[in-house]
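Chemist: Dumping the structure here so I can ask a few things about it.
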Amino acid sequence: MEVKIFMAQTVNGKIARETGEEDFLSPRNWQEFKKIAEKTGAFTVGRKTFQAVKEWEDKGFKDINAECIVLSQKEGLEVGEGFIKVSSPEKAVKLAEEKGLDALLVTGGASVNSSFMEKKMVDELILDIEPYVLGEGLDLFARRSFEGELGLEEVRKLEEGIVQLRYRL
Ligand SMILES: NC(=O)c1ccc[n+]([C@@H]2O[C@H](COP(=O)([O-])OP(=O)(O)OC[C@H]3O[C@@H](n4cnc5c(N)ncnc54)[C@H](OP(=O)(O)O)[C@@H]3O)[C@@H](O)[C@H]2O)c1
């Protein structure tokens with residue numbers, strides 16, 4: 001099972017404003033996320049990201065033709081039809097395996113990204129670098145104790161000044 005993270009961020013590593021808005025990110029990143037998620041077959045997001053995206057008017061996880069796995073330890077949380085809730089990264093991977101898939105895409109937020117990183121479960125990191133700087137905001141990874149060297153595998157220039165980097169862990 002291959003686990004990959006896909007995230008869009010500013011040049012200085014911010015994935016959202018402190019208020020949770022992602023207005024500084026181009027819609028081009030969503031297209032890229034959709035393409036990678038559908039190719040992978042399943043993606044997992046944290047409960048906070050799931051709830052934030054639900055409030056969006058123009059797009060949502062329902063538009064993605066892939067299994068959407070929501071990570072949460074809240075027992076009574078209802079995620080609704082078409083979504084599956086699990087209580088740990090290991091269970092998200094197991095679920096993808098049970099669906100007959102050989103890969104799982106992890107796509108935020110900061111807390112979930114770090115949960116997979118600290119358990120050394122990530123094989124690939126795909127970053128869309130938006131041509132934007134933001135002094136205050138949420139980082140790509142929540143503060144946890146992990147580190148590691150990355151191997152740069154691919155650099156792609158997308159539209160709207162976005163650079164996509166692919167790293168192997
Ligand atoms: N730029 C991008 O590409 C991008 C992508 C995704 C998200 N975002 C942004 O990221 C922000 C949210 O990030 P966040 O770090 O605050 O929250 P998050 O990672 O989306 O969600 C955190 C929640 O996920 C659950 N969780 C995390 N680790 C877990 C684990 N090991 N086991 C079980 N459940 C776990 C917990 O839910 P419970 O509290 O329910 O237990 C936790 O409170 C949003 O503003 C969103 O817009 C940006």
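Ordered as shown in the structure tokens, chains take letters A, B, and onward, while each chain numbers its residues from 1 and ligands are numbered from 1 in the order shown.
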As number ranges by chain, which residues of chain A does DSSP assign to strand (DSSP E)?
Modeler: A: 2-10, 14-16, 42-46, 67-71, 83-86, 103-106, 124-130, 138-139, 151-157, 163-168
Chemist: Those same residues - C-alpha atoms - I'd like them written as a PDB file, in the first residue's frame.
Modeler:
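Result file follows (selection11.pdb):
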```
ATOM      1  CA  GLU A   2       1.447   3.302  -1.130  1.00  0.00           C
ATOM      2  CA  VAL A   3       0.530   6.378   0.922  1.00  0.00           C
ATOM      3  CA  LYS A   4       0.975   9.797  -0.643  1.00  0.00           C
ATOM      4  CA  ILE A   5       0.261  13.287   0.635  1.00  0.00           C
ATOM      5  CA  PHE A   6      -0.990  15.971  -1.746  1.00  0.00           C
ATOM      6  CA  MET A   7      -1.209  19.584  -0.539  1.00  0.00           C
ATOM      7  CA  ALA A   8      -1.292  23.094  -1.986  1.00  0.00           C
ATOM      8  CA  GLN A   9       0.684  25.699  -0.080  1.00  0.00           C
ATOM      9  CA  THR A  10       2.220  29.163  -0.272  1.00  0.00           C
ATOM     10  CA  LYS A  14       1.055  27.914   4.635  1.00  0.00           C
ATOM     11  CA  ILE A  15      -1.970  25.789   3.681  1.00  0.00           C
ATOM     12  CA  ALA A  16      -4.757  28.025   5.039  1.00  0.00           C
ATOM     13  CA  ALA A  42      -9.365   6.866  -2.221  1.00  0.00           C
ATOM     14  CA  PHE A  43      -8.409   9.920  -0.215  1.00  0.00           C
ATOM     15  CA  THR A  44      -8.458  10.727   3.472  1.00  0.00           C
ATOM     16  CA  VAL A  45      -8.973  14.068   5.213  1.00  0.00           C
ATOM     17  CA  GLY A  46      -9.218  15.234   8.813  1.00  0.00           C
ATOM     18  CA  GLU A  67     -13.672   6.904  -1.711  1.00  0.00           C
ATOM     19  CA  CYS A  68     -13.573   9.740   0.848  1.00  0.00           C
ATOM     20  CA  ILE A  69     -12.365   8.597   4.273  1.00  0.00           C
ATOM     21  CA  VAL A  70     -12.790  11.046   7.156  1.00  0.00           C
ATOM     22  CA  LEU A  71     -10.442  10.743  10.129  1.00  0.00           C
ATOM     23  CA  PHE A  83     -18.336   9.182   3.148  1.00  0.00           C
ATOM     24  CA  ILE A  84     -16.698   6.788   5.590  1.00  0.00           C
ATOM     25  CA  LYS A  85     -15.367   7.678   9.045  1.00  0.00           C
ATOM     26  CA  VAL A  86     -12.386   5.907  10.609  1.00  0.00           C
ATOM     27  CA  ALA A 103      -2.698   3.423  -2.760  1.00  0.00           C
ATOM     28  CA  LEU A 104      -4.211   6.047  -0.473  1.00  0.00           C
ATOM     29  CA  LEU A 105      -4.036   9.801  -0.871  1.00  0.00           C
ATOM     30  CA  VAL A 106      -3.780  11.891   2.299  1.00  0.00           C
ATOM     31  CA  GLU A 124       5.377  10.216  -1.430  1.00  0.00           C
ATOM     32  CA  LEU A 125       4.840  13.938  -0.885  1.00  0.00           C
ATOM     33  CA  ILE A 126       3.276  15.998  -3.695  1.00  0.00           C
ATOM     34  CA  LEU A 127       3.250  19.764  -3.167  1.00  0.00           C
ATOM     35  CA  ASP A 128       1.665  22.449  -5.327  1.00  0.00           C
ATOM     36  CA  ILE A 129       3.575  25.638  -4.577  1.00  0.00           C
ATOM     37  CA  GLU A 130       1.328  28.656  -5.113  1.00  0.00           C
ATOM     38  CA  LEU A 138      -1.673  27.083   9.186  1.00  0.00           C
ATOM     39  CA  ASP A 139       1.512  25.166   8.325  1.00  0.00           C
ATOM     40  CA  GLY A 151      14.380  12.564  -2.711  1.00  0.00           C
ATOM     41  CA  LEU A 152      13.201  15.001  -5.378  1.00  0.00           C
ATOM     42  CA  GLU A 153      11.552  12.972  -8.152  1.00  0.00           C
ATOM     43  CA  GLU A 154       9.749  15.491 -10.334  1.00  0.00           C
ATOM     44  CA  VAL A 155       9.329  19.225 -10.879  1.00  0.00           C
ATOM     45  CA  ARG A 156       6.370  20.355 -13.025  1.00  0.00           C
ATOM     46  CA  LYS A 157       5.370  23.863 -13.968  1.00  0.00           C
ATOM     47  CA  VAL A 163       5.103  24.572  -9.370  1.00  0.00           C
ATOM     48  CA  GLN A 164       4.405  20.954  -8.483  1.00  0.00           C
ATOM     49  CA  LEU A 165       7.107  19.062  -6.600  1.00  0.00           C
ATOM     50  CA  ARG A 166       7.103  15.313  -6.052  1.00  0.00           C
ATOM     51  CA  TYR A 167       9.303  13.839  -3.351  1.00  0.00           C
ATOM     52  CA  ARG A 168       9.928  10.250  -2.323  1.00  0.00           C
TER      53      ARG A 168
END
```
Chemist: Show me which residues are within 6 Å of ligand 1 counting only C-alpha atoms and all ligand atoms, and format the list as a list in words.
Modeler: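 These are the residues that qualify: Met7, Ala8, Gln9, Ile15, Ala16, Gly20, Glu21, Glu22, Val45, Gly46, Arg47, Lys48, Thr49, Ala52, Leu71, Ser72, Gln73, Lys74, Ser87, Ser88, Pro89, Thr107, Gly108, Gly109, Ala110, Ser111, Val112 and Ser115 of chain A.
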Chemist: With C-alpha atoms kept, could you save the residues just selected as an mmCIF file, in the first residue's frame?
Modeler:
```
data_model
loop_
_atom_site.group_PDB
_atom_site.id
_atom_site.type_symbol
_atom_site.label_atom_id
_atom_site.label_comp_id
_atom_site.auth_asym_id
_atom_site.auth_seq_id
_atom_site.Cartn_x
_atom_site.Cartn_y
_atom_site.Cartn_z
ATOM 1 C CA MET A 7 -1.209 19.584 -0.539
ATOM 2 C CA ALA A 8 -1.292 23.094 -1.986
ATOM 3 C CA GLN A 9 0.684 25.699 -0.080
ATOM 4 C CA ILE A 15 -1.970 25.789 3.681
ATOM 5 C CA ALA A 16 -4.757 28.025 5.039
ATOM 6 C CA GLY A 20 -9.304 28.401 7.815
ATOM 7 C CA GLU A 21 -9.836 30.204 4.492
ATOM 8 C CA GLU A 22 -7.892 29.085 1.410
ATOM 9 C CA VAL A 45 -8.973 14.068 5.213
ATOM 10 C CA GLY A 46 -9.218 15.234 8.813
ATOM 11 C CA ARG A 47 -12.569 16.021 10.388
ATOM 12 C CA LYS A 48 -11.797 19.773 10.374
ATOM 13 C CA THR A 49 -10.975 19.800 6.650
ATOM 14 C CA ALA A 52 -14.545 23.236 6.218
ATOM 15 C CA LEU A 71 -10.442 10.743 10.129
ATOM 16 C CA SER A 72 -12.024 11.474 13.497
ATOM 17 C CA GLN A 73 -12.074 10.091 17.006
ATOM 18 C CA LYS A 74 -15.464 11.639 17.726
ATOM 19 C CA SER A 87 -10.574 6.539 13.887
ATOM 20 C CA SER A 88 -6.896 6.141 12.926
ATOM 21 C CA PRO A 89 -4.478 6.390 9.980
ATOM 22 C CA THR A 107 -4.840 15.474 1.800
ATOM 23 C CA GLY A 108 -4.773 17.407 5.016
ATOM 24 C CA GLY A 109 -5.108 19.246 7.046
ATOM 25 C CA ALA A 110 -1.988 19.945 9.042
ATOM 26 C CA SER A 111 -2.913 17.626 11.890
ATOM 27 C CA VAL A 112 -3.702 14.612 9.705
ATOM 28 C CA SER A 115 -0.337 11.964 12.082
#
```
Chemist: What is the atom CA of Leu169 of chain A to atom CA of Glu149 of chain A distance in Å?
Modeler: 6.8 Å
Chemist: Using atom CA of Leu134 of chain A and atom CA of Phe24 of chain A as the two end points, give the distance in Å to one decimal.
Modeler: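 Distance reported for this atom pair: 8.9 Å.
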Chemist: Measure the distance from atom CA of Glu75 of chain A to atom CA of Ala92 of chain A in Å and round it to one decimal.
Modeler: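 Between atom CA of Glu75 of chain A and atom CA of Ala92 of chain A the gap is 15.9 Å.
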Chemist: Restricting the calculation to only C-alpha atoms, which member of A:Phe33, A:Phe146, A:Phe141, A:Tyr132 is positioned closest to Phe61 of chain A?
Modeler: A:Phe33
Chemist: Let me make sure I understand: among A:Arg17, A:Pro131, A:Glu32, A:Leu140, which one has the smallest atom-to-atom distance to Glu160 of chain A if we use only C-alpha atoms?
Modeler: A:Pro131
Chemist: Please identify all polymer residues within 10 Å of Glu90 of chain A, counting only C-alpha atoms, omitting same-chain residues fewer than 6 positions from it, and present them as an NGL selection string.
Modeler: :A and (116 or 119 or 121)
